[in-house]
Amino acid sequence: MLQVVFGTVLLASAAQPPQVRETVTVTASRLPAEAAAARRTVVLEREEIERLPVASVQELIALLAGASLARRGPFGAQADVMLRGATFEQVAVLVDGVRVNDPQTGHFHLDLAVDLAAVERVEVTLGPGSAVHGPDAFGGTIAIVTGAPRTPKARLGGGQHGLWEGGAALPLGRGAWAAASRVTHDGYRRGTELDATRATLGWSGTAAGWTLRTTLGAEDKAFGAWGYYSSRYPDEWEQTDTALWTFAASRRLGSTGLAVRAGARQHRDLFVLDRARPEWYRNRHRSRSGLFQATLDGESGGVRWVVGVEGELQGLVSTRLGDRRRERVAVFAEGSRRLGRVLVSAQVRGDRTSDWGWEPSPGLGAELDLGCGVALSVHRGRSFRQPSFTDLHYVSPATVGNPELQPERAWSDEAVLRVPVRRTLVEFSVFRRDARDLIDYLRGDDGVFRAANHARVVTSGGEASLALPTWRALGATRVWASWLESRLDVDASRSRYALAHPRAEAGASTRVALPGAVFADVSWRWRRPRTGSSYSLLDARLSRDLARGLSLHVGASNVLGTRYEELDGIPMPGRWVTASLAWRAR
């Protein structure tokens with residue numbers, strides 16, 4: 001365990017509610033924002049992140065339109081994300097531009113070695129992203145950007161179920177900064193205790209004409225995993241630790257820009273299927289990955305362009321999956337040109353994996369300026385996902401992999417309408433994804449799930465969202481809704497993951513000014529799952545400034561005490577009350 005005795009830093013809220021600011025994404029294209037046809041993207045900046053009643057990066061993602069989060073436990077214990085109805089494996093996750101997808105299993109994609117207090121921005125781009133980021137970006141891409149805290153700050157708190165948490169973040173000078181946190185609790189039901197520590201160090205600066213930045217992060221978690229992966233053997237236990245290093249350098253070479261990125265990630269996992277018999281079935285895994293990428297960008301004859309190369313090495317040492325290794329290289333290019341009111345952009349990429357050869361990923365988009373700030377954009381793209389090492393080689397009494405699996409592939413179409421109404425931004429989007437050779441686990445008559453390229457799945461749906469400015473007693477407000485429909489050509493009752501996504505979701509978040517200089521930060525989510533009843537979740541936090549930079553925070557997750565499951569068979573907590581003191585240097 002990391003011996004860092006800090007807890008999650010939930011920053012004290014500013015005296016005035018922040019304004020809504022829509023920031024154009026960097027995840028949908030490598031081109032400058034003004035040169036790329038718009039995609040459906042949700043962006044949260046630091047000041048909005050600070051006021052949301054969340055305790056982890058995973059809970060933050062749950063508040064975004066189209067990002068259906070399926071948690072097995074709170075406070076970042078373990079969570080799957082299913083963008084636009086794709087499975088938890090079909091999402092690309094980036095930290096400071098470096099892919100952090102775990103080659104062992106998508107269950108670990110959100111094991112992020114990033115403290116919440118270190119998050120400067122979160123960008124979620126919905127729809128195919130393989131033409132930009134390569135494998136896994138079926139449903140979309142999640143990009144987390146770290147950054148220095150503006151002032152020193154700290155927090156200490158506790159709550160029900162033996163919860164203790166505390167944390168600190170501070171600039172160290174000369175471009176360096178640090179953030180660290182720790183959270184522990186005894187569990188909200190049998191076998192769900194958690195002990196998690198996270199720490200992040202960062203630096204940014206310039207040297208010899210280069211703009212440089214680097215981060216180093218670590219996370220260590222031990223948790224009871226009752227029923228997380230098997231109902232036949234529910235008393236499970238797991239410990240994971242993750243380490244991440246990222247580096248980026250860029251400079252101008254005349255009219256051309258050069259950018260270099262590199263990163264390395266290690267993830268270790270110890271899994272016990274039955275705590276009463278820990279030696280009966282015990283898994284130890286260690287996955288490692290390293291990535292290098294270089295790009296050139298410029299403009300020629302009215303065409304904005306980017307070209308680049310990328311290489312990635314992945315390896316696994318496992319008691320159950322064996323020792324595995326694979327390599328991937330990629331070449332890519334993007335270009336765009338404006339023709340009157342129409343902006344046309346194109347993307348092409350080829351990824352060659354050591355196991356399956358070349359995979360092409362083209363993309364084509366166009367944006368029409370309708371006047372008065374209204375814009376309509378369309379996009380078509382291809383995406384693919386290579387099987388994880390678990391898909392290929394896992395064997396347990398409940399789940400069996402398949403070494404003959406092939407990559408899954410899909411074509412997706414999308415249309416996005418953006419309408420500014422005074423200071424309010426309204427967005428509508430519709431999409432259709434046709435996926436072939438979907439990798440899923442099918443339950444046999446013996447109750448064992450086996451991996452197979454078994455299905456064609458056609459998923460269609462849409463999202464609507466409003467970004468509202470501060471108005472009277474309300475701070476900046478987001479309101480959104482999404483809906484999904486999937487057609488699966490196999491028996492859905494035997495499928496483990498293909499139809500795990502909800503049919504519809506909606507949500508809202510805002511800040512309310514109350515008497516007595518108290519602010520209430522509130523978030524609400526509603527979900528209609530494919531099976532079972534619909535449910536609503538309300539989270540809230542009351543904040544009041546005291547003196548000398550101190551502030552008091554009292555909050556509750558699931559205020560209504562709703563009984564619900566985000567994954568079948570795994571009950572989530574009822575009402576959970578917390579209180580904390582926070583300090584911020586003035």
# chains A, B, ... in the order shown; residues from 1 in each chain; ligands from 1
call {"tool": "residues_around", "arguments": {"residues": "A:Arg304", "least_positions_apart": "4", "cutoff": "7 Å", "atoms": "only C-alpha atoms", "output": "list in words"}}
result
Ala35, Gly298, Glu299, Ser300, Gly335, Ser336 and Arg337 of chain A
call {"tool": "residues_around", "arguments": {"residues": "A:Gly574", "least_positions_apart": "4", "cutoff": "9 Å", "atoms": "only C-alpha atoms", "output": "PDB file with all heavy atoms, in the first residue's frame"}}
result
ATOM      1  N   TYR A 188     -20.739  -0.723   2.923  1.00  0.00           N
ATOM      2  CA  TYR A 188     -22.157  -0.427   3.115  1.00  0.00           C
ATOM      3  C   TYR A 188     -23.007  -1.689   3.145  1.00  0.00           C
ATOM      4  O   TYR A 188     -24.197  -1.643   3.431  1.00  0.00           O
ATOM      5  CB  TYR A 188     -22.651   0.505   2.013  1.00  0.00           C
ATOM      6  CG  TYR A 188     -22.504  -0.054   0.614  1.00  0.00           C
ATOM      7  CD1 TYR A 188     -23.558  -0.726   0.004  1.00  0.00           C
ATOM      8  CD2 TYR A 188     -21.317   0.060  -0.084  1.00  0.00           C
ATOM      9  CE1 TYR A 188     -23.427  -1.253  -1.270  1.00  0.00           C
ATOM     10  CE2 TYR A 188     -21.179  -0.452  -1.359  1.00  0.00           C
ATOM     11  CZ  TYR A 188     -22.226  -1.117  -1.943  1.00  0.00           C
ATOM     12  OH  TYR A 188     -22.093  -1.640  -3.200  1.00  0.00           O
ATOM     13  N   SER A 557     -24.866  11.400  -0.532  1.00  0.00           N
ATOM     14  CA  SER A 557     -25.133  10.748  -1.805  1.00  0.00           C
ATOM     15  C   SER A 557     -26.400   9.920  -1.663  1.00  0.00           C
ATOM     16  O   SER A 557     -26.729   9.446  -0.568  1.00  0.00           O
ATOM     17  CB  SER A 557     -23.957   9.851  -2.213  1.00  0.00           C
ATOM     18  OG  SER A 557     -23.706   8.860  -1.232  1.00  0.00           O
ATOM     19  N   ASN A 558     -27.132   9.787  -2.768  1.00  0.00           N
ATOM     20  CA  ASN A 558     -28.409   9.057  -2.761  1.00  0.00           C
ATOM     21  C   ASN A 558     -29.315   9.575  -1.642  1.00  0.00           C
ATOM     22  O   ASN A 558     -29.757   8.823  -0.772  1.00  0.00           O
ATOM     23  CB  ASN A 558     -28.178   7.547  -2.636  1.00  0.00           C
ATOM     24  CG  ASN A 558     -29.422   6.730  -2.937  1.00  0.00           C
ATOM     25  OD1 ASN A 558     -30.458   7.261  -3.334  1.00  0.00           O
ATOM     26  ND2 ASN A 558     -29.329   5.433  -2.727  1.00  0.00           N
ATOM     27  N   VAL A 559     -29.581  10.868  -1.674  1.00  0.00           N
ATOM     28  CA  VAL A 559     -30.373  11.523  -0.628  1.00  0.00           C
ATOM     29  C   VAL A 559     -31.729  10.851  -0.436  1.00  0.00           C
ATOM     30  O   VAL A 559     -32.236  10.744   0.684  1.00  0.00           O
ATOM     31  CB  VAL A 559     -30.562  13.016  -0.975  1.00  0.00           C
ATOM     32  CG1 VAL A 559     -31.515  13.684   0.000  1.00  0.00           C
ATOM     33  CG2 VAL A 559     -29.213  13.728  -0.991  1.00  0.00           C
ATOM     34  N   LEU A 560     -32.316  10.363  -1.511  1.00  0.00           N
ATOM     35  CA  LEU A 560     -33.659   9.770  -1.443  1.00  0.00           C
ATOM     36  C   LEU A 560     -33.647   8.336  -0.938  1.00  0.00           C
ATOM     37  O   LEU A 560     -34.706   7.731  -0.762  1.00  0.00           O
ATOM     38  CB  LEU A 560     -34.310   9.829  -2.827  1.00  0.00           C
ATOM     39  CG  LEU A 560     -34.412  11.225  -3.461  1.00  0.00           C
ATOM     40  CD1 LEU A 560     -35.020  11.118  -4.863  1.00  0.00           C
ATOM     41  CD2 LEU A 560     -35.236  12.154  -2.583  1.00  0.00           C
ATOM     42  N   GLY A 561     -32.454   7.762  -0.712  1.00  0.00           N
ATOM     43  CA  GLY A 561     -32.375   6.387  -0.233  1.00  0.00           C
ATOM     44  C   GLY A 561     -32.882   5.364  -1.240  1.00  0.00           C
ATOM     45  O   GLY A 561     -33.438   4.327  -0.855  1.00  0.00           O
ATOM     46  N   THR A 562     -32.694   5.627  -2.513  1.00  0.00           N
ATOM     47  CA  THR A 562     -33.184   4.746  -3.570  1.00  0.00           C
ATOM     48  C   THR A 562     -32.466   3.393  -3.538  1.00  0.00           C
ATOM     49  O   THR A 562     -31.251   3.334  -3.372  1.00  0.00           O
ATOM     50  CB  THR A 562     -32.970   5.394  -4.944  1.00  0.00           C
ATOM     51  OG1 THR A 562     -33.641   6.659  -4.964  1.00  0.00           O
ATOM     52  CG2 THR A 562     -33.487   4.517  -6.069  1.00  0.00           C
ATOM     53  N   ARG A 563     -33.220   2.328  -3.692  1.00  0.00           N
ATOM     54  CA  ARG A 563     -32.623   1.004  -3.854  1.00  0.00           C
ATOM     55  C   ARG A 563     -32.415   0.754  -5.341  1.00  0.00           C
ATOM     56  O   ARG A 563     -33.364   0.811  -6.125  1.00  0.00           O
ATOM     57  CB  ARG A 563     -33.527  -0.075  -3.270  1.00  0.00           C
ATOM     58  CG  ARG A 563     -33.668   0.002  -1.751  1.00  0.00           C
ATOM     59  CD  ARG A 563     -34.430  -1.189  -1.210  1.00  0.00           C
ATOM     60  NE  ARG A 563     -34.504  -1.156   0.243  1.00  0.00           N
ATOM     61  CZ  ARG A 563     -35.028  -2.119   0.988  1.00  0.00           C
ATOM     62  NH1 ARG A 563     -35.551  -3.197   0.383  1.00  0.00           N
ATOM     63  NH2 ARG A 563     -35.061  -2.016   2.305  1.00  0.00           N
ATOM     64  N   TYR A 564     -31.172   0.492  -5.720  1.00  0.00           N
ATOM     65  CA  TYR A 564     -30.889   0.376  -7.149  1.00  0.00           C
ATOM     66  C   TYR A 564     -29.643  -0.465  -7.377  1.00  0.00           C
ATOM     67  O   TYR A 564     -28.833  -0.684  -6.456  1.00  0.00           O
ATOM     68  CB  TYR A 564     -30.704   1.758  -7.778  1.00  0.00           C
ATOM     69  CG  TYR A 564     -29.441   2.469  -7.374  1.00  0.00           C
ATOM     70  CD1 TYR A 564     -28.349   2.558  -8.256  1.00  0.00           C
ATOM     71  CD2 TYR A 564     -29.309   3.061  -6.105  1.00  0.00           C
ATOM     72  CE1 TYR A 564     -27.185   3.212  -7.886  1.00  0.00           C
ATOM     73  CE2 TYR A 564     -28.147   3.715  -5.746  1.00  0.00           C
ATOM     74  CZ  TYR A 564     -27.094   3.780  -6.638  1.00  0.00           C
ATOM     75  OH  TYR A 564     -25.935   4.420  -6.269  1.00  0.00           O
TER      76      TYR A 564
END
call {"tool": "closest_residue", "arguments": {"among": "A:Pro469, A:Gly475, A:Gly301, A:Gly187", "to": "A:Val512", "atoms": "only C-alpha atoms"}}
result
A:Gly475
call {"tool": "select_by_dssp", "arguments": {"residues": "stretch 392-585 of chain A", "states": "strand (DSSP E or B)", "output": "PyMOL selection string"}}
result
chain A and resi 395+399-400+408-421+424-443+449-468+471+474+477-488+495+504-514+518-528+535-545+550-557+565-567+570-571+576-584
call {"tool": "residues_around", "arguments": {"residues": "A:Gly549", "least_positions_apart": "5", "cutoff": "8 Å", "atoms": "only C-alpha atoms", "output": "list of chain:residue names"}}
result
A:Trp583, A:Arg584, A:Ala585, A:Arg586
call {"tool": "write_last_selection", "arguments": {"atoms": "N, CA, C and O atoms", "output": "PDB file, in the first residue's frame"}}
result
ATOM      1  N   TRP A 583      -9.772  23.641   3.588  1.00  0.00           N
ATOM      2  CA  TRP A 583      -9.012  24.874   3.721  1.00  0.00           C
ATOM      3  C   TRP A 583      -8.377  25.207   2.386  1.00  0.00           C
ATOM      4  O   TRP A 583      -7.904  24.326   1.670  1.00  0.00           O
ATOM      5  N   ARG A 584      -8.399  26.488   2.065  1.00  0.00           N
ATOM      6  CA  ARG A 584      -7.789  26.968   0.837  1.00  0.00           C
ATOM      7  C   ARG A 584      -7.030  28.250   1.142  1.00  0.00           C
ATOM      8  O   ARG A 584      -7.566  29.164   1.769  1.00  0.00           O
ATOM      9  N   ALA A 585      -5.786  28.312   0.690  1.00  0.00           N
ATOM     10  CA  ALA A 585      -5.000  29.524   0.908  1.00  0.00           C
ATOM     11  C   ALA A 585      -5.589  30.678   0.123  1.00  0.00           C
ATOM     12  O   ALA A 585      -6.004  30.514  -1.024  1.00  0.00           O
ATOM     13  N   ARG A 586      -5.631  31.832   0.717  1.00  0.00           N
ATOM     14  CA  ARG A 586      -6.201  33.008   0.053  1.00  0.00           C
ATOM     15  C   ARG A 586      -5.090  33.915  -0.445  1.00  0.00           C
ATOM     16  O   ARG A 586      -3.994  33.913   0.074  1.00  0.00           O
TER      17      ARG A 586
END
call {"tool": "atom_distance", "arguments": {"atom1": "atom CA of A:Ser354", "atom2": "atom CA of A:Glu327"}}
result
5.3 Å
call {"tool": "residues_around", "arguments": {"residues": "stretch 193-209 of chain A", "least_positions_apart": "2", "cutoff": "6 Å", "atoms": "only C-alpha atoms", "output": "list in words"}}
result
Val114, Asp115, Gly175, Ala176, Trp177, Ala178, Ala179, Ala180, Ser181, Arg182, Val183, Thr184, His185, Asp186, Gly187, Thr211, Leu212, Arg213, Thr214, Thr215, Leu216, Gly217, Ala218, Glu219, Asp220, Lys221, Ala222, Phe223 and Gly224 of chain A
call {"tool": "closest_residue", "arguments": {"among": "A:Arg324, A:Gly97, A:Arg380, A:Asp235", "to": "A:Phe292", "atoms": "only C-alpha atoms"}}
result
A:Gly97
call {"tool": "residues_around", "arguments": {"residues": "A:Gly569", "least_positions_apart": "5", "cutoff": "9 Å", "atoms": "only C-alpha atoms", "output": "list in words"}}
result
Gly227, Tyr228 and Ser231 of chain A
call {"tool": "atom_distance", "arguments": {"atom1": "atom CA of A:Ser361", "atom2": "atom CA of A:Gln90"}}
result
14.9 Å
call {"tool": "closest_residue", "arguments": {"among": "A:Gly447, A:Glu47, A:Tyr394, A:Glu123", "to": "A:Arg232", "atoms": "only C-alpha atoms"}}
result
A:Gly447
call {"tool": "residues_around", "arguments": {"residues": "A:Ser495", "least_positions_apart": "4", "cutoff": "7 Å", "atoms": "only C-alpha atoms", "output": "list of chain:residue names"}}
result
A:Asp440, A:Tyr441, A:Leu442, A:Arg443, A:Asp491
call {"tool": "closest_residue", "arguments": {"among": "A:Arg284, A:Val400, A:Trp483, A:Leu488", "to": "A:Arg436", "atoms": "only C-alpha atoms"}}
result
A:Leu488
call {"tool": "closest_residue", "arguments": {"among": "A:Ala398, A:Trp576, A:Val122, A:Ala79", "to": "A:Glu48", "atoms": "only C-alpha atoms"}}
result
A:Val122
call {"tool": "atom_distance", "arguments": {"atom1": "atom CA of A:Val416", "atom2": "atom CA of A:Gly507"}}
result
19.5 Å
call {"tool": "closest_residue", "arguments": {"among": "A:Thr27, A:Ser255, A:Ser388, A:Thr125", "to": "A:Gln314", "atoms": "only C-alpha atoms"}}
result
A:Ser388
call {"tool": "residues_around", "arguments": {"residues": "stretch 420-431 of chain A", "least_positions_apart": "5", "cutoff": "7 Å", "atoms": "only C-alpha atoms", "output": "ChimeraX atom specification"}}
result
/A:40,373-374,413-415,460-469
call {"tool": "write_last_selection", "arguments": {"atoms": "N, CA, C and O atoms", "output": "PDB file, in the first residue's frame"}}
result
ATOM      1  N   ARG A  40     -20.113  15.367 -31.074  1.00  0.00           N
ATOM      2  CA  ARG A  40     -20.859  15.452 -29.818  1.00  0.00           C
ATOM      3  C   ARG A  40     -19.885  15.253 -28.653  1.00  0.00           C
ATOM      4  O   ARG A  40     -19.363  14.160 -28.450  1.00  0.00           O
ATOM      5  N   GLY A 373     -24.818  31.594 -35.236  1.00  0.00           N
ATOM      6  CA  GLY A 373     -24.162  30.651 -34.340  1.00  0.00           C
ATOM      7  C   GLY A 373     -24.679  29.236 -34.404  1.00  0.00           C
ATOM      8  O   GLY A 373     -24.156  28.351 -33.726  1.00  0.00           O
ATOM      9  N   VAL A 374     -25.710  28.994 -35.223  1.00  0.00           N
ATOM     10  CA  VAL A 374     -26.284  27.648 -35.354  1.00  0.00           C
ATOM     11  C   VAL A 374     -25.427  26.840 -36.331  1.00  0.00           C
ATOM     12  O   VAL A 374     -25.053  27.335 -37.405  1.00  0.00           O
ATOM     13  N   ASP A 413     -22.638   6.437 -37.736  1.00  0.00           N
ATOM     14  CA  ASP A 413     -23.074   7.698 -38.344  1.00  0.00           C
ATOM     15  C   ASP A 413     -23.657   8.582 -37.258  1.00  0.00           C
ATOM     16  O   ASP A 413     -24.329   8.095 -36.341  1.00  0.00           O
ATOM     17  N   GLU A 414     -23.426   9.895 -37.390  1.00  0.00           N
ATOM     18  CA  GLU A 414     -23.851  10.827 -36.360  1.00  0.00           C
ATOM     19  C   GLU A 414     -24.217  12.166 -36.989  1.00  0.00           C
ATOM     20  O   GLU A 414     -23.612  12.587 -37.977  1.00  0.00           O
ATOM     21  N   ALA A 415     -25.225  12.824 -36.415  1.00  0.00           N
ATOM     22  CA  ALA A 415     -25.567  14.204 -36.772  1.00  0.00           C
ATOM     23  C   ALA A 415     -25.727  14.998 -35.485  1.00  0.00           C
ATOM     24  O   ALA A 415     -26.345  14.521 -34.524  1.00  0.00           O
ATOM     25  N   SER A 460     -28.939   2.452 -31.989  1.00  0.00           N
ATOM     26  CA  SER A 460     -29.292   3.806 -32.402  1.00  0.00           C
ATOM     27  C   SER A 460     -29.780   4.570 -31.187  1.00  0.00           C
ATOM     28  O   SER A 460     -30.214   3.995 -30.186  1.00  0.00           O
ATOM     29  N   GLY A 461     -29.699   5.882 -31.266  1.00  0.00           N
ATOM     30  CA  GLY A 461     -30.133   6.682 -30.133  1.00  0.00           C
ATOM     31  C   GLY A 461     -29.806   8.143 -30.341  1.00  0.00           C
ATOM     32  O   GLY A 461     -29.527   8.591 -31.450  1.00  0.00           O
ATOM     33  N   GLY A 462     -29.838   8.887 -29.250  1.00  0.00           N
ATOM     34  CA  GLY A 462     -29.551  10.311 -29.339  1.00  0.00           C
ATOM     35  C   GLY A 462     -29.395  10.940 -27.980  1.00  0.00           C
ATOM     36  O   GLY A 462     -29.640  10.293 -26.945  1.00  0.00           O
ATOM     37  N   GLU A 463     -28.960  12.181 -27.990  1.00  0.00           N
ATOM     38  CA  GLU A 463     -28.785  12.962 -26.772  1.00  0.00           C
ATOM     39  C   GLU A 463     -29.310  14.380 -26.995  1.00  0.00           C
ATOM     40  O   GLU A 463     -29.287  14.887 -28.121  1.00  0.00           O
ATOM     41  N   ALA A 464     -29.783  14.974 -25.922  1.00  0.00           N
ATOM     42  CA  ALA A 464     -30.163  16.383 -25.911  1.00  0.00           C
ATOM     43  C   ALA A 464     -29.592  17.005 -24.648  1.00  0.00           C
ATOM     44  O   ALA A 464     -29.606  16.374 -23.581  1.00  0.00           O
ATOM     45  N   SER A 465     -29.081  18.229 -24.750  1.00  0.00           N
ATOM     46  CA  SER A 465     -28.486  18.852 -23.576  1.00  0.00           C
ATOM     47  C   SER A 465     -28.653  20.365 -23.628  1.00  0.00           C
ATOM     48  O   SER A 465     -28.757  20.971 -24.702  1.00  0.00           O
ATOM     49  N   LEU A 466     -28.672  20.950 -22.441  1.00  0.00           N
ATOM     50  CA  LEU A 466     -28.726  22.400 -22.263  1.00  0.00           C
ATOM     51  C   LEU A 466     -27.603  22.801 -21.321  1.00  0.00           C
ATOM     52  O   LEU A 466     -27.396  22.163 -20.294  1.00  0.00           O
ATOM     53  N   ALA A 467     -26.883  23.841 -21.668  1.00  0.00           N
ATOM     54  CA  ALA A 467     -25.906  24.450 -20.772  1.00  0.00           C
ATOM     55  C   ALA A 467     -26.395  25.846 -20.455  1.00  0.00           C
ATOM     56  O   ALA A 467     -26.420  26.722 -21.321  1.00  0.00           O
ATOM     57  N   LEU A 468     -26.834  26.069 -19.216  1.00  0.00           N
ATOM     58  CA  LEU A 468     -27.497  27.311 -18.819  1.00  0.00           C
ATOM     59  C   LEU A 468     -26.561  28.169 -17.978  1.00  0.00           C
ATOM     60  O   LEU A 468     -25.841  27.651 -17.116  1.00  0.00           O
ATOM     61  N   PRO A 469     -26.568  29.489 -18.166  1.00  0.00           N
ATOM     62  CA  PRO A 469     -25.715  30.373 -17.368  1.00  0.00           C
ATOM     63  C   PRO A 469     -26.313  30.608 -15.991  1.00  0.00           C
ATOM     64  O   PRO A 469     -27.426  30.178 -15.678  1.00  0.00           O
TER      65      PRO A 469
END
call {"tool": "decode", "arguments": {"residues": "stretch 147-165 of chain A", "atoms": "N, CA and C atoms", "output": "CSV table (one decimal), in the first residue's frame"}}
result
chain,number,residue,atom,x,y,z
A,147,GLY,N,-3.6,19.2,-14.2
A,147,GLY,CA,-3.1,20.5,-14.1
A,147,GLY,C,-2.8,20.9,-12.7
A,148,ALA,N,-2.0,22.0,-12.5
A,148,ALA,CA,-1.5,22.4,-11.2
A,148,ALA,C,-2.7,23.1,-10.5
A,149,PRO,N,-2.8,22.8,-9.2
A,149,PRO,CA,-3.8,23.5,-8.4
A,149,PRO,C,-3.4,25.0,-8.3
A,150,ARG,N,-4.3,25.9,-8.3
A,150,ARG,CA,-4.0,27.3,-8.3
A,150,ARG,C,-3.5,27.8,-7.0
A,151,THR,N,-4.0,27.2,-5.8
A,151,THR,CA,-3.5,27.6,-4.5
A,151,THR,C,-3.4,26.3,-3.7
A,152,PRO,N,-2.6,26.4,-2.5
A,152,PRO,CA,-2.7,25.2,-1.6
A,152,PRO,C,-4.1,25.0,-1.0
A,153,LYS,N,-4.4,23.7,-0.9
A,153,LYS,CA,-5.7,23.4,-0.3
A,153,LYS,C,-5.7,22.0,0.4
A,154,ALA,N,-6.6,21.8,1.3
A,154,ALA,CA,-6.6,20.5,2.0
A,154,ALA,C,-8.0,20.2,2.5
A,155,ARG,N,-8.3,19.0,2.8
A,155,ARG,CA,-9.6,18.6,3.3
A,155,ARG,C,-9.5,17.4,4.2
A,156,LEU,N,-10.3,17.3,5.2
A,156,LEU,CA,-10.4,16.2,6.1
A,156,LEU,C,-11.9,16.0,6.5
A,157,GLY,N,-12.4,14.7,6.3
A,157,GLY,CA,-13.8,14.5,6.6
A,157,GLY,C,-14.1,13.0,6.9
A,158,GLY,N,-15.3,12.8,7.3
A,158,GLY,CA,-15.7,11.4,7.6
A,158,GLY,C,-17.2,11.3,7.4
A,159,GLY,N,-17.7,10.1,7.6
A,159,GLY,CA,-19.2,9.9,7.4
A,159,GLY,C,-19.6,8.5,7.9
A,160,GLN,N,-20.8,8.1,7.4
A,160,GLN,CA,-21.3,6.8,7.8
A,160,GLN,C,-20.5,5.7,7.3
A,161,HIS,N,-20.7,4.5,7.8
A,161,HIS,CA,-20.1,3.2,7.4
A,161,HIS,C,-18.6,3.3,7.6
A,162,GLY,N,-18.2,4.1,8.7
A,162,GLY,CA,-16.8,4.1,9.0
A,162,GLY,C,-15.9,4.9,8.0
A,163,LEU,N,-16.5,5.8,7.3
A,163,LEU,CA,-15.8,6.6,6.3
A,163,LEU,C,-14.9,7.6,6.9
A,164,TRP,N,-13.6,7.6,6.4
A,164,TRP,CA,-12.6,8.6,6.6
A,164,TRP,C,-12.0,9.0,5.3
A,165,GLU,N,-11.8,10.3,5.1
A,165,GLU,CA,-11.1,10.7,3.9
A,165,GLU,C,-10.4,12.0,4.2
